[in-house]
file run_18.pdb (PDB, C-alpha atoms)
ATOM      1  CA  MET N   1       4.494  -5.469 -11.645
ATOM      2  CA  ILE N   2       2.765  -6.932  -8.577
ATOM      3  CA  THR N   3       5.376  -8.701  -6.453
ATOM      4  CA  GLY N   4       3.268  -9.280  -3.364
ATOM      5  CA  ILE N   5       5.206  -6.895  -1.123
ATOM      6  CA  ARG N   6       4.412  -3.253  -0.434
ATOM      7  CA  ARG N   7       6.954  -2.073   2.138
ATOM      8  CA  SER N   8       7.317   1.381   0.593
ATOM      9  CA  ALA N   9       5.089   3.522  -1.630
ATOM     10  CA  LEU N  10       6.538   6.700  -3.147
ATOM     11  CA  TYR N  11       4.296   9.590  -4.187
ATOM     12  CA  VAL N  12       5.384  10.921  -7.597
ATOM     13  CA  PRO N  13       3.939  14.262  -8.810
ATOM     14  CA  CYS N  14       3.029  13.664 -12.435
ATOM     15  CA  ASP N  15       3.289  17.276 -13.498
ATOM     16  CA  ASN N  16       7.066  16.768 -13.226
ATOM     17  CA  VAL N  17       8.426  14.631 -16.074
ATOM     18  CA  ALA N  18      11.902  14.391 -14.537
ATOM     19  CA  MET N  19      10.497  12.963 -11.294
ATOM     20  CA  ILE N  20       8.434  10.387 -13.181
ATOM     21  CA  ARG N  21      11.531   9.218 -15.050
ATOM     22  CA  LYS N  22      13.594   9.103 -11.871
ATOM     23  CA  SER N  23      10.909   7.040 -10.141
ATOM     24  CA  ALA N  24      11.658   4.119 -12.463
ATOM     25  CA  GLU N  25      15.034   3.800 -10.719
ATOM     26  CA  VAL N  26      14.232   4.340  -7.028
ATOM     27  CA  PRO N  27      14.002   1.451  -4.503
ATOM     28  CA  ALA N  28      10.242   1.732  -3.973
ATOM     29  CA  ASP N  29       7.996  -1.320  -3.974
ATOM     30  CA  VAL N  30       5.044   0.838  -5.101
ATOM     31  CA  LEU N  31       4.993   4.036  -7.147
ATOM     32  CA  LEU N  32       1.974   6.263  -6.532
ATOM     33  CA  LEU N  33       1.885   8.353  -9.704
ATOM     34  CA  ASN N  34      -0.087  11.311  -8.442
ATOM     35  CA  LEU N  35      -2.677  13.220 -10.453
ATOM     36  CA  GLU N  36      -4.681  14.521  -7.479
ATOM     37  CA  ASP N  37      -3.508  16.672  -4.545
ATOM     38  CA  GLY N  38      -0.178  18.278  -5.303
ATOM     39  CA  VAL N  39      -1.049  18.891  -8.954
ATOM     40  CA  ALA N  40      -2.579  22.307  -9.638
ATOM     41  CA  ASP N  41      -5.867  22.352 -11.522
ATOM     42  CA  PHE N  42      -4.353  24.095 -14.538
ATOM     43  CA  ARG N  43      -1.657  21.377 -14.768
ATOM     44  CA  LYS N  44      -3.876  18.293 -14.455
ATOM     45  CA  ASP N  45      -4.279  17.757 -18.198
ATOM     46  CA  ALA N  46      -0.514  17.895 -18.692
ATOM     47  CA  ALA N  47       0.062  15.599 -15.717
ATOM     48  CA  ARG N  48      -2.397  13.084 -17.159
ATOM     49  CA  MET N  49      -0.616  13.022 -20.502
ATOM     50  CA  ASN N  50       2.773  12.734 -18.774
ATOM     51  CA  THR N  51       1.438   9.663 -16.968
ATOM     52  CA  VAL N  52       0.110   8.090 -20.163
ATOM     53  CA  THR N  53       3.479   8.611 -21.857
ATOM     54  CA  ALA N  54       5.339   7.132 -18.895
ATOM     55  CA  LEU N  55       3.136   4.045 -18.696
ATOM     56  CA  LYS N  56       3.650   3.421 -22.401
ATOM     57  CA  SER N  57       7.375   4.086 -22.576
ATOM     58  CA  LEU N  58       9.139   3.538 -19.241
ATOM     59  CA  ASP N  59      10.347   0.235 -17.816
ATOM     60  CA  PHE N  60       9.415   0.315 -14.126
ATOM     61  CA  GLY N  61      10.942  -3.096 -13.430
ATOM     62  CA  ARG N  62       9.624  -4.825 -10.307
ATOM     63  CA  ARG N  63       7.954  -1.658  -9.047
ATOM     64  CA  GLU N  64       4.172  -1.796  -8.723
ATOM     65  CA  VAL N  65       2.777   1.199 -10.604
ATOM     66  CA  VAL N  66      -0.406   2.707  -9.150
ATOM     67  CA  VAL N  67      -1.976   5.930 -10.424
ATOM     68  CA  ARG N  68      -3.726   8.142  -7.876
ATOM     69  CA  VAL N  69      -6.529   9.692  -9.885
ATOM     70  CA  ASN N  70      -8.832  12.563  -9.087
ATOM     71  CA  SER N  71     -12.244  11.623  -7.735
ATOM     72  CA  PRO N  72     -13.954   9.469 -10.406
ATOM     73  CA  GLU N  73     -17.091  11.515  -9.742
ATOM     74  CA  SER N  74     -15.341  14.637 -11.046
ATOM     75  CA  ASP N  75     -14.695  15.579 -14.655
ATOM     76  CA  ALA N  76     -10.939  15.348 -14.067
ATOM     77  CA  GLY N  77     -11.308  11.907 -12.494
ATOM     78  CA  ARG N  78     -13.383  10.562 -15.375
ATOM     79  CA  LYS N  79     -10.752  11.826 -17.808
ATOM     80  CA  ASP N  80      -8.041  10.208 -15.674
ATOM     81  CA  LEU N  81      -9.656   6.773 -15.791
ATOM     82  CA  ALA N  82     -10.427   7.008 -19.524
ATOM     83  CA  ALA N  83      -6.807   7.869 -20.315
ATOM     84  CA  ILE N  84      -5.015   5.674 -17.774
ATOM     85  CA  ILE N  85      -6.904   2.345 -17.827
ATOM     86  CA  PRO N  86      -5.981   1.497 -21.466
ATOM     87  CA  CYS N  87      -2.299   1.905 -20.458
ATOM     88  CA  ARG N  88      -2.662  -1.035 -18.050
ATOM     89  CA  PRO N  89      -1.190   0.273 -14.782
ATOM     90  CA  ASP N  90      -0.971  -2.228 -11.950
ATOM     91  CA  GLY N  91      -3.521  -0.268  -9.967
ATOM     92  CA  ILE N  92      -5.663   2.813  -9.482
ATOM     93  CA  CYS N  93      -5.698   4.709  -6.185
ATOM     94  CA  LEU N  94      -8.912   6.481  -5.203
ATOM     95  CA  PRO N  95      -8.568   9.633  -3.064
ATOM     96  CA  LYS N  96     -10.618  10.535   0.002
ATOM     97  CA  VAL N  97     -12.795   7.417   0.080
ATOM     98  CA  GLU N  98     -15.487   7.388   2.766
ATOM     99  CA  ILE N  99     -18.216   5.023   1.592
ATOM    100  CA  PRO N 100     -18.216   1.661  -0.237
ATOM    101  CA  GLU N 101     -20.357   3.118  -3.015
ATOM    102  CA  ALA N 102     -17.363   5.214  -4.111
ATOM    103  CA  VAL N 103     -15.363   2.019  -4.609
ATOM    104  CA  ALA N 104     -18.258   0.255  -6.348
ATOM    105  CA  GLY N 105     -18.693   3.161  -8.762
ATOM    106  CA  ALA N 106     -15.001   3.221  -9.648
ATOM    107  CA  ASP N 107     -15.000  -0.556 -10.000
ATOM    108  CA  ALA N 108     -17.872  -0.405 -12.504
ATOM    109  CA  ALA N 109     -16.210   2.384 -14.506
ATOM    110  CA  MET N 110     -12.927   0.476 -14.580
ATOM    111  CA  ARG N 111     -14.691  -2.702 -15.706
ATOM    112  CA  THR N 112     -16.274  -0.887 -18.660
ATOM    113  CA  LEU N 113     -12.922   0.605 -19.667
ATOM    114  CA  GLU N 114     -11.109  -2.717 -19.272
ATOM    115  CA  LEU N 115     -13.592  -4.493 -21.528
ATOM    116  CA  ALA N 116     -13.362  -1.719 -24.118
ATOM    117  CA  SER N 117      -9.553  -1.949 -24.064
ATOM    118  CA  GLY N 118      -9.313  -5.736 -24.237
ATOM    119  CA  ILE N 119      -7.974  -5.956 -20.680
ATOM    120  CA  PRO N 120      -9.068  -8.912 -18.514
ATOM    121  CA  GLU N 121     -11.856  -7.747 -16.238
ATOM    122  CA  GLY N 122     -10.695  -6.973 -12.709
ATOM    123  CA  SER N 123      -6.987  -7.250 -13.495
ATOM    124  CA  ILE N 124      -6.228  -3.626 -12.555
ATOM    125  CA  ARG N 125      -6.237  -3.382  -8.762
ATOM    126  CA  LEU N 126      -7.879  -0.737  -6.567
ATOM    127  CA  HIS N 127      -6.339   1.086  -3.615
ATOM    128  CA  ALA N 128      -8.357   3.447  -1.406
ATOM    129  CA  MET N 129      -7.077   6.481   0.471
ATOM    130  CA  ILE N 130      -8.587   6.884   3.956
ATOM    131  CA  GLU N 131      -8.279  10.586   4.757
ATOM    132  CA  SER N 132     -11.171  11.657   6.995
ATOM    133  CA  ALA N 133     -13.161  10.765  10.077
ATOM    134  CA  ALA N 134     -15.924   9.344   7.868
ATOM    135  CA  GLY N 135     -13.331   7.352   5.957
ATOM    136  CA  VAL N 136     -11.916   5.808   9.118
ATOM    137  CA  LEU N 137     -15.386   4.922  10.414
ATOM    138  CA  GLY N 138     -16.306   3.408   7.052
ATOM    139  CA  ALA N 139     -12.972   1.694   6.416
ATOM    140  CA  ARG N 140     -14.264  -1.841   6.989
ATOM    141  CA  GLU N 141     -16.978  -1.510   4.330
ATOM    142  CA  VAL N 142     -14.630   0.308   1.951
ATOM    143  CA  ALA N 143     -11.987  -2.414   2.235
ATOM    144  CA  ALA N 144     -14.487  -5.099   1.233
ATOM    145  CA  ALA N 145     -16.363  -3.096  -1.415
ATOM    146  CA  ALA N 146     -14.907  -4.800  -4.523
ATOM    147  CA  PRO N 147     -12.896  -7.950  -5.301
ATOM    148  CA  ARG N 148     -10.149  -5.854  -6.891
ATOM    149  CA  MET N 149      -9.552  -3.911  -3.645
ATOM    150  CA  THR N 150      -5.894  -4.322  -2.680
ATOM    151  CA  SER N 151      -4.953  -1.842   0.043
ATOM    152  CA  LEU N 152      -6.080   0.954   2.337
ATOM    153  CA  ILE N 153      -3.662   3.885   2.374
ATOM    154  CA  PHE N 154      -3.770   6.342   5.264
ATOM    155  CA  GLY N 155      -3.748  10.044   4.403
ATOM    156  CA  SER N 156      -2.879  11.636   7.722
ATOM    157  CA  ALA N 157      -2.696  15.306   6.682
ATOM    158  CA  ASP N 158      -6.307  15.500   5.541
ATOM    159  CA  TYR N 159      -7.409  13.282   8.438
ATOM    160  CA  CYS N 160      -5.845  15.553  11.060
ATOM    161  CA  GLU N 161      -7.397  18.602   9.439
ATOM    162  CA  ASP N 162     -10.773  16.884   9.366
ATOM    163  CA  VAL N 163     -10.771  15.838  13.029
ATOM    164  CA  ARG N 164      -8.969  19.044  14.086
ATOM    165  CA  CYS N 165      -6.158  17.327  15.933
ATOM    166  CA  THR N 166      -2.545  18.448  16.196
ATOM    167  CA  PRO N 167      -0.374  15.316  16.157
ATOM    168  CA  ALA N 168       2.756  15.065  18.272
ATOM    169  CA  GLU N 169       5.752  12.990  17.242
ATOM    170  CA  ASP N 170       4.360   9.860  18.905
ATOM    171  CA  ARG N 171       1.155  10.206  16.793
ATOM    172  CA  ILE N 172      -1.018   9.218  19.746
ATOM    173  CA  GLU N 173      -3.716  11.540  18.383
ATOM    174  CA  MET N 174      -3.960   9.259  15.332
ATOM    175  CA  LEU N 175      -3.920   5.981  17.254
ATOM    176  CA  LEU N 176      -7.592   5.189  16.635
ATOM    177  CA  ALA N 177      -7.304   5.828  12.897
ATOM    178  CA  LEU N 178      -4.111   3.780  12.565
ATOM    179  CA  GLN N 179      -5.569   0.775  14.345
ATOM    180  CA  MET N 180      -8.940   0.931  12.598
ATOM    181  CA  ILE N 181      -7.308   1.053   9.158
ATOM    182  CA  VAL N 182      -5.170  -1.990   9.942
ATOM    183  CA  ALA N 183      -8.150  -3.867  11.400
ATOM    184  CA  ALA N 184     -10.320  -3.050   8.365
ATOM    185  CA  ALA N 185      -7.618  -4.170   5.952
ATOM    186  CA  ARG N 186      -7.030  -7.415   7.843
ATOM    187  CA  ALA N 187     -10.759  -8.180   7.992
ATOM    188  CA  ALA N 188     -10.908  -7.830   4.196
ATOM    189  CA  GLY N 189      -7.660  -9.693   3.558
ATOM    190  CA  ILE N 190      -5.901  -6.721   1.947
ATOM    191  CA  ASP N 191      -2.840  -4.580   2.748
ATOM    192  CA  ALA N 192      -2.565  -1.446   4.882
ATOM    193  CA  ILE N 193      -0.077   1.321   4.068
ATOM    194  CA  ASP N 194       0.764   4.053   6.571
ATOM    195  CA  ALA N 195       0.937   7.781   5.848
ATOM    196  CA  PRO N 196       4.270   9.421   5.001
ATOM    197  CA  CYS N 197       6.579  11.192   7.407
ATOM    198  CA  PHE N 198       6.264  14.825   6.348
ATOM    199  CA  ASP N 199       9.567  15.956   7.878
ATOM    200  CA  ILE N 200      11.593  14.566   5.003
ATOM    201  CA  ARG N 201      14.979  15.459   6.488
ATOM    202  CA  ASN N 202      14.299  14.007   9.942
ATOM    203  CA  GLN N 203      15.574  10.433   9.697
ATOM    204  CA  ASP N 204      15.099   9.756  13.410
ATOM    205  CA  LEU N 205      11.410  10.663  13.188
ATOM    206  CA  LEU N 206      11.028   8.583  10.022
ATOM    207  CA  ARG N 207      12.546   5.560  11.751
ATOM    208  CA  ARG N 208      10.274   5.969  14.780
ATOM    209  CA  GLU N 209       7.146   6.337  12.656
ATOM    210  CA  THR N 210       8.073   3.353  10.488
ATOM    211  CA  ALA N 211       8.831   1.131  13.476
ATOM    212  CA  GLN N 212       5.531   2.183  15.034
ATOM    213  CA  ALA N 213       3.649   1.387  11.819
ATOM    214  CA  ARG N 214       5.173  -2.076  11.718
ATOM    215  CA  ARG N 215       4.240  -2.731  15.350
ATOM    216  CA  PHE N 216       0.661  -1.737  14.565
ATOM    217  CA  GLY N 217       0.562  -4.246  11.704
ATOM    218  CA  PHE N 218       0.941  -2.052   8.622
ATOM    219  CA  ASP N 219       2.417  -3.753   5.555
ATOM    220  CA  GLY N 220       4.148  -0.617   4.344
ATOM    221  CA  LYS N 221       4.612   3.126   4.661
ATOM    222  CA  SER N 222       4.344   5.789   2.000
ATOM    223  CA  ALA N 223       7.127   8.269   1.266
ATOM    224  CA  LEU N 224       7.405  11.785  -0.104
ATOM    225  CA  HIS N 225      11.092  11.673  -1.055
ATOM    226  CA  PRO N 226      13.288   8.903  -2.492
ATOM    227  CA  GLY N 227      15.739   9.439   0.364
ATOM    228  CA  GLN N 228      13.155   8.011   2.778
ATOM    229  CA  LEU N 229      12.855   4.700   0.921
ATOM    230  CA  PRO N 230      15.931   2.786   2.171
ATOM    231  CA  TRP N 231      14.939   3.330   5.809
ATOM    232  CA  ILE N 232      11.330   2.353   5.170
ATOM    233  CA  ASN N 233      12.290  -0.765   3.219
ATOM    234  CA  GLU N 234      14.694  -1.884   5.925
ATOM    235  CA  LEU N 235      12.348  -1.301   8.852
ATOM    236  CA  MET N 236       9.214  -2.685   7.170
ATOM    237  CA  ASP N 237      10.993  -5.811   5.938
ATOM    238  CA  VAL N 238      11.285  -9.018   7.919
ATOM    239  CA  THR N 239      14.587  -9.447   9.729
ATOM    240  CA  ARG N 240      17.053 -12.301   9.470
ATOM    241  CA  GLU N 241      16.152 -13.239  13.041
ATOM    242  CA  GLU N 242      12.454 -13.452  12.117
ATOM    243  CA  ILE N 243      13.239 -15.658   9.135
ATOM    244  CA  GLU N 244      15.285 -18.003  11.300
ATOM    245  CA  TRP N 245      12.512 -18.089  13.925
ATOM    246  CA  ALA N 246       9.942 -18.900  11.256
ATOM    247  CA  GLY N 247      12.028 -21.785   9.989
ATOM    248  CA  ARG N 248      12.422 -23.229  13.487
ATOM    249  CA  VAL N 249       8.689 -22.871  14.197
ATOM    250  CA  LEU N 250       7.679 -24.725  11.043
ATOM    251  CA  ALA N 251      10.246 -27.453  11.634
ATOM    252  CA  GLU N 252       9.136 -27.944  15.236
ATOM    253  CA  LEU N 253       5.430 -28.025  14.366
ATOM    254  CA  ARG N 254       6.113 -30.405  11.479
ATOM    255  CA  GLY N 255       7.852 -32.732  13.906
ATOM    256  CA  ALA N 256       5.007 -32.375  16.384
ATOM    257  CA  GLY N 257       2.524 -33.323  13.672
ATOM    258  CA  GLU N 258       4.503 -36.465  12.901
ATOM    259  CA  ARG N 259       4.162 -37.351  16.593
ATOM    260  CA  GLY N 260       0.404 -36.820  16.420
ATOM    261  CA  ARG N 261       0.417 -33.488  18.253
ATOM    262  CA  ALA N 262      -1.015 -30.131  17.161
ATOM    263  CA  LEU N 263       1.284 -28.011  19.327
ATOM    264  CA  SER N 264       4.807 -27.989  20.720
ATOM    265  CA  THR N 265       7.302 -25.732  22.470
ATOM    266  CA  LEU N 266      10.174 -23.652  21.146
ATOM    267  CA  ASN N 267      12.669 -22.065  23.514
ATOM    268  CA  GLY N 268      10.274 -22.784  26.354
ATOM    269  CA  GLN N 269       7.289 -21.100  24.671
ATOM    270  CA  LEU N 270       4.139 -22.857  23.525
ATOM    271  CA  ILE N 271       3.634 -22.737  19.743
ATOM    272  CA  ASP N 272       0.627 -23.847  17.694
ATOM    273  CA  ASN N 273      -1.382 -22.832  14.630
ATOM    274  CA  PRO N 274      -1.218 -19.015  15.110
ATOM    275  CA  HIS N 275       2.573 -19.305  15.243
ATOM    276  CA  ARG N 276       2.525 -21.475  12.122
ATOM    277  CA  SER N 277       0.505 -18.818  10.301
ATOM    278  CA  ALA N 278       2.886 -16.076  11.440
ATOM    279  CA  ALA N 279       5.898 -18.114  10.350
ATOM    280  CA  GLU N 280       4.406 -18.795   6.919
ATOM    281  CA  ARG N 281       3.584 -15.092   6.484
ATOM    282  CA  ILE N 282       7.147 -14.104   7.403
ATOM    283  CA  LEU N 283       8.612 -16.504   4.862
ATOM    284  CA  ARG N 284       6.221 -15.360   2.117
ATOM    285  CA  ARG N 285       7.255 -11.775   2.753
ATOM    286  CA  ALA N 286      10.930 -12.727   2.792
ATOM    287  CA  ARG N 287      10.627 -14.527  -0.551
ATOM    288  CA  ALA N 288       8.990 -11.454  -2.079
ATOM    289  CA  SER N 289      11.624  -9.023  -0.810
ATOM    290  CA  ARG N 290      14.623 -11.338  -1.298
ATOM    291  CA  PRO N 291      13.913 -13.288  -4.511
ATOM    292  CA  GLN N 292      17.624 -13.716  -5.098
ATOM    293  CA  GLU N 293      18.080 -15.726  -1.901
ATOM    294  CA  GLY N 294      15.751 -18.564  -2.896
ATOM    295  CA  LEU N 295      14.088 -18.780   0.512
TER     296      LEU N 295
END
call {"tool": "encode", "arguments": {"input": "run_18.pdb", "output": "structure tokens"}}
result
Amino acid sequence: MITGIRRSALYVPCDNVAMIRKSAEVPADVLLLNLEDGVADFRKDAARMNTVTALKSLDFGRREVVVRVNSPESDAGRKDLAAIIPCRPDGICLPKVEIPEAVAGADAAMRTLELASGIPEGSIRLHAMIESAAGVLGAREVAAAAPRMTSLIFGSADYCEDVRCTPAEDRIEMLLALQMIVAAARAAGIDAIDAPCFDIRNQDLLRRETAQARRFGFDGKSALHPGQLPWINELMDVTREEIEWAGRVLAELRGAGERGRALSTLNGQLIDNPHRSAAERILRRARASRPQEGL
């Protein structure tokens, strides 16, 4: 189910049936059912069938279900798409994308399979993993390569190996990649999801990385373990203070408009259309993450 919020995205290895079943209960906004890295070659056929069974039989609730396939240019990737598309996942995630042609090719293959399966054309979304220097440099074109493109997802492990950097805890070595991915996603009007924190037991590091990702403008952060999800959801969500600020901004600008003015002040600070846009975005995000509150 697509709820419009992607604070957290949990990688789920699909060669493990128990983990797939457990994923239907975890507090992730997005489930990345993984058929690519992390699944040995000799287990890919079994992982694919596990995924098909799960999509047909499990109730994932409000979680957005995205399947990370093998490269659609490979035999395994073609088999993935042929098996998965008829099961109507919310999205397909492409690994190691570097050029827009990779997105266009997957888009065309998905369209053919949708039509053959009686699925409305373009209804299954596309997410692209950015995992290399070429991917970062081509991120703007990749993000805009197809109407069904929905997010760019940073793969930091492969990126660091590709550029031969050794990241410290502040991730300054990845600063260019982080900012370029966010900028490319924003230019295309899609989401940006940060890489996971690989030290799954280090909650302090997870909190620092997640707070940093939010400052940079990421919509969400991926996770490798369900235990990381509560922290990510909390830190990537809008705060009560932000919601209250947004309400005051909109009320003040509404009053200013009634007085024939396009701007006003709030707590001594000038506010105008950019603040209105920020306030509206905060409230949209709050409604998606807190549907029970009726914001």
call {"tool": "residues_around", "arguments": {"input": "run_18.pdb", "residues": "Ala213 (chain N)", "least_positions_apart": "4", "cutoff": "10 Å", "atoms": "only C-alpha atoms", "output": "PyMOL selection string"}}
result
chain N and resi 178-179+182+192-195+207-209+217-221+235-236
call {"tool": "resolve_selection", "arguments": {"input": "run_18.pdb", "expression": "the PyMOL selection byres ((chain N and resi 104) around 12)", "output": "number ranges by chain"}}
result
N: 72-73, 94, 97-103, 105-111, 126, 128, 141-149
call {"tool": "resolve_selection", "arguments": {"input": "run_18.pdb", "expression": "the PyMOL selection byres ((chain N and resi 274) around 12)", "output": "count of residues only"}}
result
17
call {"tool": "residues_near_point", "arguments": {"input": "run_18.pdb", "point": "(-8.3, 15.3, -11.9)", "cutoff": "12 Å", "atoms": "only C-alpha atoms", "output": "PDB file with C-alpha atoms, keeping the file's coordinate frame"}}
result
ATOM      1  CA  CYS N  14       3.029  13.664 -12.435  1.00  0.00           C
ATOM      2  CA  ASP N  15       3.289  17.276 -13.498  1.00  0.00           C
ATOM      3  CA  ASN N  34      -0.087  11.311  -8.442  1.00  0.00           C
ATOM      4  CA  LEU N  35      -2.677  13.220 -10.453  1.00  0.00           C
ATOM      5  CA  GLU N  36      -4.681  14.521  -7.479  1.00  0.00           C
ATOM      6  CA  ASP N  37      -3.508  16.672  -4.545  1.00  0.00           C
ATOM      7  CA  GLY N  38      -0.178  18.278  -5.303  1.00  0.00           C
ATOM      8  CA  VAL N  39      -1.049  18.891  -8.954  1.00  0.00           C
ATOM      9  CA  ALA N  40      -2.579  22.307  -9.638  1.00  0.00           C
ATOM     10  CA  ASP N  41      -5.867  22.352 -11.522  1.00  0.00           C
ATOM     11  CA  PHE N  42      -4.353  24.095 -14.538  1.00  0.00           C
ATOM     12  CA  ARG N  43      -1.657  21.377 -14.768  1.00  0.00           C
ATOM     13  CA  LYS N  44      -3.876  18.293 -14.455  1.00  0.00           C
ATOM     14  CA  ASP N  45      -4.279  17.757 -18.198  1.00  0.00           C
ATOM     15  CA  ALA N  46      -0.514  17.895 -18.692  1.00  0.00           C
ATOM     16  CA  ALA N  47       0.062  15.599 -15.717  1.00  0.00           C
ATOM     17  CA  ARG N  48      -2.397  13.084 -17.159  1.00  0.00           C
ATOM     18  CA  MET N  49      -0.616  13.022 -20.502  1.00  0.00           C
ATOM     19  CA  VAL N  67      -1.976   5.930 -10.424  1.00  0.00           C
ATOM     20  CA  ARG N  68      -3.726   8.142  -7.876  1.00  0.00           C
ATOM     21  CA  VAL N  69      -6.529   9.692  -9.885  1.00  0.00           C
ATOM     22  CA  ASN N  70      -8.832  12.563  -9.087  1.00  0.00           C
ATOM     23  CA  SER N  71     -12.244  11.623  -7.735  1.00  0.00           C
ATOM     24  CA  PRO N  72     -13.954   9.469 -10.406  1.00  0.00           C
ATOM     25  CA  GLU N  73     -17.091  11.515  -9.742  1.00  0.00           C
ATOM     26  CA  SER N  74     -15.341  14.637 -11.046  1.00  0.00           C
ATOM     27  CA  ASP N  75     -14.695  15.579 -14.655  1.00  0.00           C
ATOM     28  CA  ALA N  76     -10.939  15.348 -14.067  1.00  0.00           C
ATOM     29  CA  GLY N  77     -11.308  11.907 -12.494  1.00  0.00           C
ATOM     30  CA  ARG N  78     -13.383  10.562 -15.375  1.00  0.00           C
ATOM     31  CA  LYS N  79     -10.752  11.826 -17.808  1.00  0.00           C
ATOM     32  CA  ASP N  80      -8.041  10.208 -15.674  1.00  0.00           C
ATOM     33  CA  LEU N  81      -9.656   6.773 -15.791  1.00  0.00           C
ATOM     34  CA  ALA N  82     -10.427   7.008 -19.524  1.00  0.00           C
ATOM     35  CA  ALA N  83      -6.807   7.869 -20.315  1.00  0.00           C
ATOM     36  CA  ILE N  84      -5.015   5.674 -17.774  1.00  0.00           C
ATOM     37  CA  LEU N  94      -8.912   6.481  -5.203  1.00  0.00           C
ATOM     38  CA  PRO N  95      -8.568   9.633  -3.064  1.00  0.00           C
TER      39      PRO N  95
END
call {"tool": "closest_residue", "arguments": {"input": "run_18.pdb", "among": "N:Gly255, N:Pro196, N:Pro226, N:Gly247", "to": "Pro27 (chain N)", "atoms": "all atoms listed in the file"}}
result
N:Pro226
call {"tool": "atom_distance", "arguments": {"input": "run_18.pdb", "atom1": "CA of Arg62 (chain N)", "atom2": "CA of Arg284 (chain N)"}}
result
16.6 Å
call {"tool": "residues_around", "arguments": {"input": "run_18.pdb", "residues": "Arg290 (chain N)", "least_positions_apart": "4", "cutoff": "12 Å", "atoms": "only C-alpha atoms", "output": "list in words"}}
result
Thr3, Gly4, Ile5, Asn233, Glu234, Asp237, Val238, Thr239, Arg240, Ile243, Ile282, Leu283, Arg284, Arg285, Ala286, Gly294 and Leu295 of chain N
call {"tool": "resolve_selection", "arguments": {"input": "run_18.pdb", "expression": "the PyMOL selection byres ((chain N and resi 116-125) around 7)", "output": "ChimeraX atom specification"}}
result
/N:86,89-92,111-115,126-127,148-150
call {"tool": "decode", "arguments": {"input": "run_18.pdb", "residues": "region 73-85 of chain N", "atoms": "N, CA and C atoms", "output": "compact mmCIF listing (two decimals), in the first residue's frame"}}
result
# COMPACT_ATOMS: atom_id res chain seq x y z
N GLU N 73 18.68 -6.68 -16.98
CA GLU N 73 19.46 -7.09 -18.15
C GLU N 73 20.04 -8.48 -17.99
N SER N 74 19.92 -9.05 -16.78
CA SER N 74 20.42 -10.39 -16.52
C SER N 74 19.29 -11.41 -16.63
N ASP N 75 19.67 -12.66 -16.77
CA ASP N 75 18.66 -13.73 -16.85
C ASP N 75 17.85 -13.78 -15.56
N ALA N 76 18.54 -13.65 -14.41
CA ALA N 76 17.83 -13.68 -13.13
C ALA N 76 16.87 -12.51 -13.01
N GLY N 77 17.29 -11.33 -13.48
CA GLY N 77 16.42 -10.16 -13.40
C GLY N 77 15.20 -10.28 -14.28
N ARG N 78 15.36 -10.83 -15.47
CA ARG N 78 14.20 -11.03 -16.35
C ARG N 78 13.21 -12.01 -15.72
N LYS N 79 13.73 -13.07 -15.11
CA LYS N 79 12.86 -14.01 -14.41
C LYS N 79 12.16 -13.34 -13.23
N ASP N 80 12.89 -12.48 -12.52
CA ASP N 80 12.29 -11.76 -11.39
C ASP N 80 11.07 -10.95 -11.84
N LEU N 81 11.26 -10.13 -12.87
CA LEU N 81 10.16 -9.29 -13.33
C LEU N 81 8.98 -10.13 -13.82
N ALA N 82 9.26 -11.19 -14.58
CA ALA N 82 8.19 -12.03 -15.12
C ALA N 82 7.38 -12.68 -14.01
N ALA N 83 8.03 -13.03 -12.91
CA ALA N 83 7.33 -13.70 -11.81
C ALA N 83 6.65 -12.70 -10.87
N ILE N 84 7.30 -11.55 -10.65
CA ILE N 84 6.84 -10.63 -9.61
C ILE N 84 5.75 -9.68 -10.10
N ILE N 85 5.87 -9.15 -11.30
CA ILE N 85 4.91 -8.14 -11.78
C ILE N 85 3.46 -8.64 -11.71
